[in-house]
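Asker: Sharing final-v1.csv below, CSV, C-alpha atoms (C1' of nucleotides):
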chain,number,residue,atom,x,y,z
A,1,MET,CA,-36.9,-12.7,-6.8
A,2,ARG,CA,-33.6,-12.1,-5.3
A,3,THR,CA,-33.1,-13.0,-1.7
A,4,LEU,CA,-30.6,-11.7,0.9
A,5,GLU,CA,-29.0,-13.7,3.6
A,6,HIS,CA,-29.6,-12.7,7.2
A,7,PRO,CA,-27.9,-14.2,10.3
A,8,LYS,CA,-30.0,-16.0,12.9
A,9,PRO,CA,-30.2,-14.3,16.3
A,10,GLU,CA,-28.1,-17.0,17.9
A,11,ASP,CA,-25.3,-16.3,15.4
A,12,PHE,CA,-25.1,-12.6,16.2
A,13,SER,CA,-21.7,-11.6,17.3
A,14,LEU,CA,-21.2,-8.7,19.8
A,15,ASP,CA,-18.0,-7.9,17.9
A,16,ALA,CA,-19.9,-7.5,14.6
A,17,VAL,CA,-22.7,-5.5,16.2
A,18,LEU,CA,-20.4,-3.0,18.0
A,19,SER,CA,-18.2,-2.6,15.0
A,20,ALA,CA,-21.2,-1.9,12.9
A,21,LEU,CA,-22.5,0.6,15.3
A,22,ALA,CA,-19.2,2.3,15.7
A,23,ASP,CA,-19.4,3.9,12.3
A,24,PRO,CA,-21.2,7.3,12.2
A,25,ILE,CA,-22.9,6.7,8.8
A,26,ARG,CA,-24.2,3.4,9.9
A,27,ARG,CA,-25.5,4.9,13.1
A,28,MET,CA,-27.2,7.5,11.0
A,29,ILE,CA,-29.0,4.7,9.1
A,30,VAL,CA,-30.0,3.0,12.3
A,31,CYS,CA,-31.3,6.2,13.8
A,32,ARG,CA,-33.4,7.0,10.8
A,33,LEU,CA,-34.9,3.5,10.9
A,34,ALA,CA,-35.6,3.9,14.6
A,35,GLU,CA,-37.4,7.2,14.0
A,36,GLY,CA,-39.9,5.5,11.8
A,37,TYR,CA,-38.3,5.6,8.4
A,38,HIS,CA,-39.1,1.9,7.9
A,39,GLU,CA,-39.7,0.6,4.5
A,40,GLN,CA,-37.5,3.1,2.7
A,41,ALA,CA,-35.2,2.4,-0.2
A,42,CYS,CA,-31.5,2.6,0.7
A,43,LEU,CA,-30.7,5.5,-1.6
A,44,SER,CA,-33.6,7.6,-0.2
A,45,PHE,CA,-31.7,8.1,3.0
A,46,GLY,CA,-29.7,10.9,1.4
A,47,LEU,CA,-26.5,9.6,3.0
A,48,PRO,CA,-23.4,11.8,2.3
A,49,VAL,CA,-21.6,9.0,0.4
A,50,GLY,CA,-21.7,7.4,-3.0
A,51,LYS,CA,-23.9,4.5,-4.1
A,52,SER,CA,-21.3,1.8,-3.7
A,53,THR,CA,-20.4,3.0,-0.2
A,54,SER,CA,-24.1,3.0,0.7
A,55,THR,CA,-24.5,-0.6,-0.4
A,56,HIS,CA,-21.4,-1.5,1.7
A,57,HIS,CA,-22.8,0.1,4.9
A,58,PHE,CA,-26.2,-1.5,4.5
A,59,ARG,CA,-24.6,-4.9,4.0
A,60,VAL,CA,-22.5,-4.5,7.1
A,61,LEU,CA,-25.6,-3.7,9.1
A,62,ARG,CA,-27.5,-6.7,7.6
A,63,GLU,CA,-24.7,-9.1,8.2
A,64,ALA,CA,-24.4,-8.0,11.8
A,65,GLY,CA,-28.1,-8.7,12.2
A,66,ILE,CA,-29.1,-5.2,12.9
A,67,ILE,CA,-31.3,-4.6,9.9
A,68,GLU,CA,-33.5,-6.7,7.7
A,69,GLN,CA,-33.6,-6.1,4.0
A,70,ARG,CA,-36.0,-7.4,1.5
A,71,TYR,CA,-36.5,-6.7,-2.2
A,72,GLN,CA,-39.5,-5.0,-3.5
A,73,GLY,CA,-38.9,-4.8,-7.2
A,74,THR,CA,-35.5,-3.3,-7.7
A,75,ALA,CA,-35.6,-1.4,-4.4
A,76,ILE,CA,-34.8,-2.7,-1.0
A,77,LEU,CA,-37.0,-2.1,2.0
A,78,ASN,CA,-35.1,-1.8,5.3
A,79,SER,CA,-36.2,-2.3,8.8
A,80,LEU,CA,-34.6,-2.7,12.2
A,81,ARG,CA,-34.5,-6.1,13.8
A,82,THR,CA,-35.4,-4.6,17.1
A,83,ALA,CA,-36.8,-7.7,18.7
A,84,ASP,CA,-34.0,-10.0,17.7
A,85,LEU,CA,-31.4,-7.6,18.9
A,86,GLU,CA,-33.2,-7.1,22.2
A,87,ALA,CA,-33.3,-10.8,22.7
A,88,ARG,CA,-29.6,-11.3,22.1
A,89,PHE,CA,-28.1,-8.1,23.5
A,90,PRO,CA,-30.7,-6.7,25.9
A,91,GLY,CA,-30.6,-2.9,26.2
A,92,LEU,CA,-27.8,-2.4,23.8
A,93,LEU,CA,-29.6,-0.9,20.8
A,94,PRO,CA,-31.8,1.4,23.0
A,95,ALA,CA,-28.8,2.7,24.8
A,96,VAL,CA,-27.0,3.4,21.5
A,97,LEU,CA,-30.1,5.1,20.1
A,98,ALA,CA,-30.6,7.2,23.1
A,99,SER,CA,-27.0,8.3,23.1
A,100,ALA,CA,-26.8,8.9,19.4
A,101,GLN,CA,-29.5,11.6,19.4
A,102,PRO,CA,-28.3,14.3,21.7
A,103,ALA,CA,-29.8,17.0,19.5
A,104,THR,CA,-33.5,16.2,19.4
A,105,PRO,CA,-35.2,19.6,19.3
B,1,MET,CA,4.9,12.2,39.4
B,2,ARG,CA,3.7,11.5,35.9
B,3,THR,CA,0.1,12.4,35.1
B,4,LEU,CA,-2.2,11.0,32.4
B,5,GLU,CA,-4.8,13.0,30.4
B,6,HIS,CA,-8.4,12.0,30.7
B,7,PRO,CA,-11.3,13.5,28.8
B,8,LYS,CA,-14.1,15.2,30.6
B,9,PRO,CA,-17.5,13.5,30.4
B,10,GLU,CA,-18.9,16.2,28.2
B,11,ASP,CA,-16.1,15.5,25.7
B,12,PHE,CA,-16.9,11.8,25.4
B,13,SER,CA,-17.7,10.7,21.9
B,14,LEU,CA,-20.0,7.9,21.2
B,15,ASP,CA,-17.8,7.1,18.2
B,16,ALA,CA,-14.7,6.7,20.3
B,17,VAL,CA,-16.6,4.6,23.0
B,18,LEU,CA,-18.1,2.2,20.6
B,19,SER,CA,-14.9,1.8,18.6
B,20,ALA,CA,-13.1,1.1,21.8
B,21,LEU,CA,-15.6,-1.5,22.9
B,22,ALA,CA,-15.6,-3.1,19.5
B,23,ASP,CA,-12.2,-4.7,20.1
B,24,PRO,CA,-12.3,-8.1,21.9
B,25,ILE,CA,-9.1,-7.5,23.9
B,26,ARG,CA,-10.4,-4.2,25.1
B,27,ARG,CA,-13.7,-5.7,26.1
B,28,MET,CA,-11.7,-8.3,28.0
B,29,ILE,CA,-10.0,-5.5,30.0
B,30,VAL,CA,-13.3,-3.8,30.7
B,31,CYS,CA,-15.0,-7.0,31.8
B,32,ARG,CA,-12.1,-7.7,34.2
B,33,LEU,CA,-12.4,-4.3,35.7
B,34,ALA,CA,-16.2,-4.7,36.0
B,35,GLU,CA,-15.7,-8.0,37.8
B,36,GLY,CA,-13.8,-6.2,40.5
B,37,TYR,CA,-10.2,-6.3,39.3
B,38,HIS,CA,-9.9,-2.7,40.1
B,39,GLU,CA,-6.5,-1.2,41.0
B,40,GLN,CA,-4.6,-3.8,39.1
B,41,ALA,CA,-1.5,-3.0,37.0
B,42,CYS,CA,-1.9,-3.2,33.3
B,43,LEU,CA,0.5,-6.1,32.8
B,44,SER,CA,-1.1,-8.2,35.5
B,45,PHE,CA,-4.2,-8.8,33.3
B,46,GLY,CA,-2.4,-11.5,31.5
B,47,LEU,CA,-3.6,-10.3,28.1
B,48,PRO,CA,-2.6,-12.5,25.1
B,49,VAL,CA,-0.6,-9.7,23.5
B,50,GLY,CA,2.8,-8.0,23.9
B,51,LYS,CA,3.6,-5.1,26.2
B,52,SER,CA,3.4,-2.4,23.6
B,53,THR,CA,0.1,-3.7,22.3
B,54,SER,CA,-1.2,-3.7,25.9
B,55,THR,CA,-0.2,-0.1,26.4
B,56,HIS,CA,-1.9,0.8,23.2
B,57,HIS,CA,-5.2,-0.8,24.2
B,58,PHE,CA,-5.2,0.8,27.7
B,59,ARG,CA,-4.6,4.2,26.1
B,60,VAL,CA,-7.5,3.8,23.7
B,61,LEU,CA,-9.8,3.0,26.6
B,62,ARG,CA,-8.5,5.9,28.6
B,63,GLU,CA,-8.8,8.4,25.7
B,64,ALA,CA,-12.4,7.2,25.1
B,65,GLY,CA,-13.2,8.0,28.8
B,66,ILE,CA,-13.9,4.3,29.6
B,67,ILE,CA,-11.2,3.8,32.2
B,68,GLU,CA,-9.2,6.0,34.6
B,69,GLN,CA,-5.5,5.4,35.0
B,70,ARG,CA,-3.3,6.8,37.7
B,71,TYR,CA,0.3,6.1,38.5
B,72,GLN,CA,1.4,4.4,41.6
B,73,GLY,CA,5.1,4.2,41.4
B,74,THR,CA,6.0,2.8,38.0
B,75,ALA,CA,2.7,0.8,37.9
B,76,ILE,CA,-0.7,2.1,36.7
B,77,LEU,CA,-3.9,1.5,38.6
B,78,ASN,CA,-6.9,1.1,36.3
B,79,SER,CA,-10.5,1.6,37.1
B,80,LEU,CA,-13.8,1.9,35.2
B,81,ARG,CA,-15.3,5.3,34.9
B,82,THR,CA,-18.7,3.8,35.5
B,83,ALA,CA,-20.5,6.9,36.8
B,84,ASP,CA,-19.2,9.2,34.1
B,85,LEU,CA,-20.2,6.7,31.4
B,86,GLU,CA,-23.6,6.2,32.9
B,87,ALA,CA,-24.1,10.0,33.0
B,88,ARG,CA,-23.1,10.5,29.4
B,89,PHE,CA,-24.4,7.2,27.7
B,90,PRO,CA,-27.0,5.8,30.1
B,91,GLY,CA,-27.3,2.0,29.9
B,92,LEU,CA,-24.6,1.5,27.3
B,93,LEU,CA,-21.8,0.0,29.4
B,94,PRO,CA,-24.2,-2.3,31.4
B,95,ALA,CA,-25.7,-3.6,28.2
B,96,VAL,CA,-22.2,-4.3,26.7
B,97,LEU,CA,-21.1,-6.0,29.9
B,98,ALA,CA,-24.1,-8.1,30.1
B,99,SER,CA,-23.8,-9.2,26.5
B,100,ALA,CA,-20.0,-9.8,26.8
B,101,GLN,CA,-20.3,-12.5,29.4
B,102,PRO,CA,-22.5,-15.2,27.9
B,103,ALA,CA,-20.4,-17.9,29.6
B,104,THR,CA,-20.7,-17.2,33.3
B,105,PRO,CA,-20.9,-20.6,34.9
C,1,DC,C1',-38.4,-3.2,-26.8
C,2,DG,C1',-36.0,0.8,-24.7
C,3,DG,C1',-35.1,3.5,-21.0
C,4,DC,C1',-35.3,4.5,-16.0
C,5,DT,C1',-34.5,3.4,-11.2
C,6,DT,C1',-32.2,0.8,-7.7
C,7,DG,C1',-28.9,-1.7,-6.3
C,8,DT,C1',-24.4,-4.9,-6.9
C,9,DA,C1',-19.6,-6.3,-8.3
C,10,DC,C1',-15.1,-5.3,-8.9
C,11,DG,C1',-10.9,-3.0,-8.6
C,12,DA,C1',-8.1,0.8,-6.9
C,13,DA,C1',-6.6,4.2,-3.6
C,14,DC,C1',-6.0,5.4,0.9
C,15,DA,C1',-6.1,5.7,5.8
C,16,DC,C1',-6.4,3.5,10.0
C,17,DT,C1',-5.7,-0.4,13.4
C,18,DG,C1',-3.6,-4.1,15.7
C,19,DT,C1',0.6,-6.3,16.4
C,20,DC,C1',5.4,-6.7,17.4
C,21,DG,C1',10.4,-5.8,18.7
C,22,DT,C1',13.7,-2.9,20.4
C,23,DA,C1',15.2,0.9,22.8
C,24,DC,C1',14.2,3.9,26.3
C,25,DT,C1',12.3,6.3,30.9
C,26,DA,C1',10.5,6.5,35.7
C,27,DG,C1',10.3,4.9,40.0
C,28,DA,C1',11.1,1.2,43.7
C,29,DC,C1',14.3,-1.5,46.2
C,30,DG,C1',18.5,-3.5,47.7
D,1,DC,C1',24.7,3.4,42.8
D,2,DG,C1',23.0,-0.7,40.3
D,3,DT,C1',19.2,-3.5,39.1
D,4,DC,C1',14.6,-4.7,38.6
D,5,DT,C1',9.8,-3.8,37.2
D,6,DA,C1',6.1,-1.3,34.7
D,7,DG,C1',5.2,1.1,31.2
D,8,DT,C1',6.2,4.3,26.9
D,9,DA,C1',8.1,5.7,22.3
D,10,DC,C1',9.0,4.6,17.9
D,11,DG,C1',9.2,2.4,13.6
D,12,DA,C1',7.6,-1.3,10.8
D,13,DC,C1',4.4,-4.4,9.0
D,14,DA,C1',0.2,-6.9,7.6
D,15,DG,C1',-4.6,-6.8,7.6
D,16,DT,C1',-8.8,-4.4,7.3
D,17,DG,C1',-12.2,-0.7,6.4
D,18,DT,C1',-14.0,3.3,3.9
D,19,DT,C1',-14.3,5.5,-0.2
D,20,DC,C1',-14.9,6.1,-5.0
D,21,DG,C1',-15.8,5.3,-10.1
D,22,DT,C1',-17.2,2.5,-13.6
D,23,DA,C1',-19.5,-1.2,-15.4
D,24,DC,C1',-23.2,-4.4,-14.9
D,25,DA,C1',-27.9,-6.8,-13.4
D,26,DA,C1',-32.9,-6.9,-12.2
D,27,DG,C1',-37.2,-5.1,-12.3
D,28,DC,C1',-40.7,-1.4,-13.5
D,29,DC,C1',-43.0,1.7,-17.0
D,30,DG,C1',-43.9,4.0,-21.2
Spell out the structure here as structure tokens.

Answerer:
Amino acid sequence: MRTLEHPKPEDFSLDAVLSALADPIRRMIVCRLAEGYHEQACLSFGLPVGKSTSTHHFRVLREAGIIEQRYQGTAILNSLRTADLEARFPGLLPAVLASAQPATP
Amino acid sequence: MRTLEHPKPEDFSLDAVLSALADPIRRMIVCRLAEGYHEQACLSFGLPVGKSTSTHHFRVLREAGIIEQRYQGTAILNSLRTADLEARFPGLLPAVLASAQPATP
DNA sequence: CGGCTTGTACGAACACTGTCGTACTAGACG
DNA sequence: CGTCTAGTACGACAGTGTTCGTACAAGCCG
């Protein structure tokens, strides 16, 4: 079984987290996960980019500590590291999420 | 008297704000302003970069709506647009500020 | 086994960003 | 008026980030 490296909460860098969240496509991923799209394969998000680019964005999020990825067969299940983020940067993720969805009908 | 353009709160973009805050030097500026260094000239921040680079960073912050700049003679007085930011992206700036100062002895 | 799905690796192209130095402008001050 | 200070404009440069296509690997399923 392949494994993926994840940073520990004490190694999170504000720089990496803010840079990661500054990209619209990555915010799209984070918003989907926050809305309950947990445990979905990367490609099932229907992102407006190619496969390689998708891989790239998910890796950036993982290496910043924002998401957790684990293999299930050939697919990868993604979830938000809500608790770890809240412990390290309190209020940051909720604020971004709240601001990122101005059009919630 | 020279004037500087500032975006209106309804024109703030989360993208621009997060990108602006993702840079360490710009976070340094924002933290100083938050600590009460209001009304200080740009160059008096003692940033570890040249004059042109300093100008660049202050402009990025202004164009994202994070700071307000107004001329006083040849100098520029800077201040945080705390209220405007709070209205548009509630909780975002406080969260970043709190996370950006882990070493407050 | 052979094919299908899901994701990765790698290289290339391209744009953007941060940085600097130099030359310049606007205002203050003598 | 001359000089000083604070900042801007511009061009250049290196580094980085996003994107893609193609080729490849790892598991599932028939």

Asker: Return the neighbours of chain C among the residues of chain A, cut-off 9 Å, counting all atoms listed in the file, as a ChimeraX atom specification.

Answerer: /A:41-43,51-52,55,73-76

Asker: From the set D:DA23, D:DT5, D:DG11, D:DT18, which residue has the shortest atom-to-atom contact distance to chain B, counting only C-alpha atoms (C1' of nucleotides)?

Answerer: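 Ranked by minimum distance to chain B, first place goes to D:DT5.
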
Asker: Residues within 10 Å of Tyr71 (chain A), please, as a list in words. Count all atoms listed in the file; anything in the same chain fewer than 6 positions from it doesn't count.

Answerer: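 Everything that qualifies: Met1, Arg2, Thr3, Leu4, Ala41, Leu77 and Asn78 of chain A; DG7 of chain C.
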
Asker: Based on all atoms listed in the file, which of the residues in chain D come within 8 Å of chain B? I want them as a PDB file with C-alpha atoms (C1' of nucleotides), in the frame of the given file.

Answerer:
ATOM      1  C1'  DT D   5       9.800  -3.800  37.200  1.00  0.00           C
ATOM      2  C1'  DA D   6       6.100  -1.300  34.700  1.00  0.00           C
ATOM      3  C1'  DG D   7       5.200   1.100  31.200  1.00  0.00           C
ATOM      4  C1'  DT D   8       6.200   4.300  26.900  1.00  0.00           C
TER       5       DT D   8
END

Asker: If the cut-off is 12 Å, can you tell me the residues of chain A near chain B, counting only C-alpha atoms? I'd like them as JSON, numbers by chain.

Answerer: {"A": [10, 12, 13, 14, 15, 16, 17, 18, 19, 20, 21, 22, 23, 24, 25, 26, 27, 28, 85, 86, 87, 88, 89, 90, 91, 92, 93, 94, 95, 96, 97, 98, 99, 100, 101, 102]}

Asker: Can you check the Cα RMSD once chain A has been least-squares fitted onto chain B over every paired atom, in order?

Answerer: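 Per the least-squares fit, the RMSD is 0.1 Å.
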
Asker: How far is it from CA of Glu63 (chain A) to CA of Cys31 (chain A), in Å with one decimal?

Answerer: 17.6 Å

Asker: In Å, how far is it from CA of Gly46 (chain A) to CA of Ile66 (chain A)?

Answerer: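 CA of Ile66 (chain A) lies 19.8 Å from CA of Gly46 (chain A).
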
Asker: In Å to one decimal, how far is CA of Thr53 (chain A) from C1' of DC29 (chain D)?

Answerer: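 Answer for the C1' of DC29 (chain D) to CA of Thr53 (chain A) separation: 28.2 Å.
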
Asker: How would region 70-86 of chain A look with N, CA, C and O atoms restored, written as a PDB file, in the frame of the given file?

Answerer:
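out_7.pdb, written as the output of this step:
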ATOM      1  N   ARG A  70     -35.348  -6.577   2.434  1.00  0.00           N
ATOM      2  CA  ARG A  70     -36.000  -7.400   1.500  1.00  0.00           C
ATOM      3  C   ARG A  70     -36.377  -6.654   0.224  1.00  0.00           C
ATOM      4  O   ARG A  70     -36.703  -5.465   0.277  1.00  0.00           O
ATOM      5  N   TYR A  71     -36.258  -7.357  -0.889  1.00  0.00           N
ATOM      6  CA  TYR A  71     -36.500  -6.700  -2.200  1.00  0.00           C
ATOM      7  C   TYR A  71     -37.969  -6.440  -2.397  1.00  0.00           C
ATOM      8  O   TYR A  71     -38.832  -7.232  -2.023  1.00  0.00           O
ATOM      9  N   GLN A  72     -38.202  -5.305  -3.008  1.00  0.00           N
ATOM     10  CA  GLN A  72     -39.500  -5.000  -3.500  1.00  0.00           C
ATOM     11  C   GLN A  72     -39.306  -4.359  -4.875  1.00  0.00           C
ATOM     12  O   GLN A  72     -39.037  -3.166  -4.980  1.00  0.00           O
ATOM     13  N   GLY A  73     -39.364  -5.213  -5.898  1.00  0.00           N
ATOM     14  CA  GLY A  73     -38.900  -4.800  -7.200  1.00  0.00           C
ATOM     15  C   GLY A  73     -37.433  -4.627  -7.227  1.00  0.00           C
ATOM     16  O   GLY A  73     -36.742  -5.525  -6.768  1.00  0.00           O
ATOM     17  N   THR A  74     -36.916  -3.500  -7.709  1.00  0.00           N
ATOM     18  CA  THR A  74     -35.500  -3.300  -7.700  1.00  0.00           C
ATOM     19  C   THR A  74     -35.019  -2.626  -6.399  1.00  0.00           C
ATOM     20  O   THR A  74     -33.840  -2.557  -6.109  1.00  0.00           O
ATOM     21  N   ALA A  75     -35.979  -2.118  -5.671  1.00  0.00           N
ATOM     22  CA  ALA A  75     -35.600  -1.400  -4.400  1.00  0.00           C
ATOM     23  C   ALA A  75     -35.536  -2.393  -3.264  1.00  0.00           C
ATOM     24  O   ALA A  75     -35.962  -3.542  -3.359  1.00  0.00           O
ATOM     25  N   ILE A  76     -34.968  -1.916  -2.175  1.00  0.00           N
ATOM     26  CA  ILE A  76     -34.800  -2.700  -1.000  1.00  0.00           C
ATOM     27  C   ILE A  76     -35.503  -2.002   0.177  1.00  0.00           C
ATOM     28  O   ILE A  76     -35.269  -0.813   0.390  1.00  0.00           O
ATOM     29  N   LEU A  77     -36.355  -2.718   0.879  1.00  0.00           N
ATOM     30  CA  LEU A  77     -37.000  -2.100   2.000  1.00  0.00           C
ATOM     31  C   LEU A  77     -36.230  -2.555   3.287  1.00  0.00           C
ATOM     32  O   LEU A  77     -35.954  -3.732   3.492  1.00  0.00           O
ATOM     33  N   ASN A  78     -35.881  -1.582   4.102  1.00  0.00           N
ATOM     34  CA  ASN A  78     -35.100  -1.800   5.300  1.00  0.00           C
ATOM     35  C   ASN A  78     -35.869  -1.674   6.554  1.00  0.00           C
ATOM     36  O   ASN A  78     -36.720  -0.796   6.651  1.00  0.00           O
ATOM     37  N   SER A  79     -35.575  -2.511   7.514  1.00  0.00           N
ATOM     38  CA  SER A  79     -36.200  -2.300   8.800  1.00  0.00           C
ATOM     39  C   SER A  79     -35.238  -2.827   9.910  1.00  0.00           C
ATOM     40  O   SER A  79     -34.372  -3.659   9.655  1.00  0.00           O
ATOM     41  N   LEU A  80     -35.425  -2.299  11.097  1.00  0.00           N
ATOM     42  CA  LEU A  80     -34.600  -2.700  12.200  1.00  0.00           C
ATOM     43  C   LEU A  80     -35.052  -4.046  12.773  1.00  0.00           C
ATOM     44  O   LEU A  80     -36.241  -4.305  12.843  1.00  0.00           O
ATOM     45  N   ARG A  81     -34.102  -4.874  13.169  1.00  0.00           N
ATOM     46  CA  ARG A  81     -34.500  -6.100  13.800  1.00  0.00           C
ATOM     47  C   ARG A  81     -34.493  -5.938  15.313  1.00  0.00           C
ATOM     48  O   ARG A  81     -33.790  -6.624  16.075  1.00  0.00           O
ATOM     49  N   THR A  82     -35.332  -5.020  15.719  1.00  0.00           N
ATOM     50  CA  THR A  82     -35.400  -4.600  17.100  1.00  0.00           C
ATOM     51  C   THR A  82     -35.545  -5.785  18.080  1.00  0.00           C
ATOM     52  O   THR A  82     -34.788  -5.916  19.053  1.00  0.00           O
ATOM     53  N   ALA A  83     -36.495  -6.637  17.799  1.00  0.00           N
ATOM     54  CA  ALA A  83     -36.800  -7.700  18.700  1.00  0.00           C
ATOM     55  C   ALA A  83     -35.630  -8.723  18.806  1.00  0.00           C
ATOM     56  O   ALA A  83     -35.244  -9.148  19.902  1.00  0.00           O
ATOM     57  N   ASP A  84     -35.071  -9.085  17.652  1.00  0.00           N
ATOM     58  CA  ASP A  84     -34.000 -10.000  17.700  1.00  0.00           C
ATOM     59  C   ASP A  84     -32.770  -9.476  18.433  1.00  0.00           C
ATOM     60  O   ASP A  84     -32.109 -10.191  19.194  1.00  0.00           O
ATOM     61  N   LEU A  85     -32.489  -8.181  18.230  1.00  0.00           N
ATOM     62  CA  LEU A  85     -31.400  -7.600  18.900  1.00  0.00           C
ATOM     63  C   LEU A  85     -31.622  -7.529  20.439  1.00  0.00           C
ATOM     64  O   LEU A  85     -30.731  -7.789  21.245  1.00  0.00           O
ATOM     65  N   GLU A  86     -32.856  -7.208  20.783  1.00  0.00           N
ATOM     66  CA  GLU A  86     -33.200  -7.100  22.200  1.00  0.00           C
ATOM     67  C   GLU A  86     -33.056  -8.478  22.881  1.00  0.00           C
ATOM     68  O   GLU A  86     -32.621  -8.577  24.031  1.00  0.00           O
TER      69      GLU A  86
END
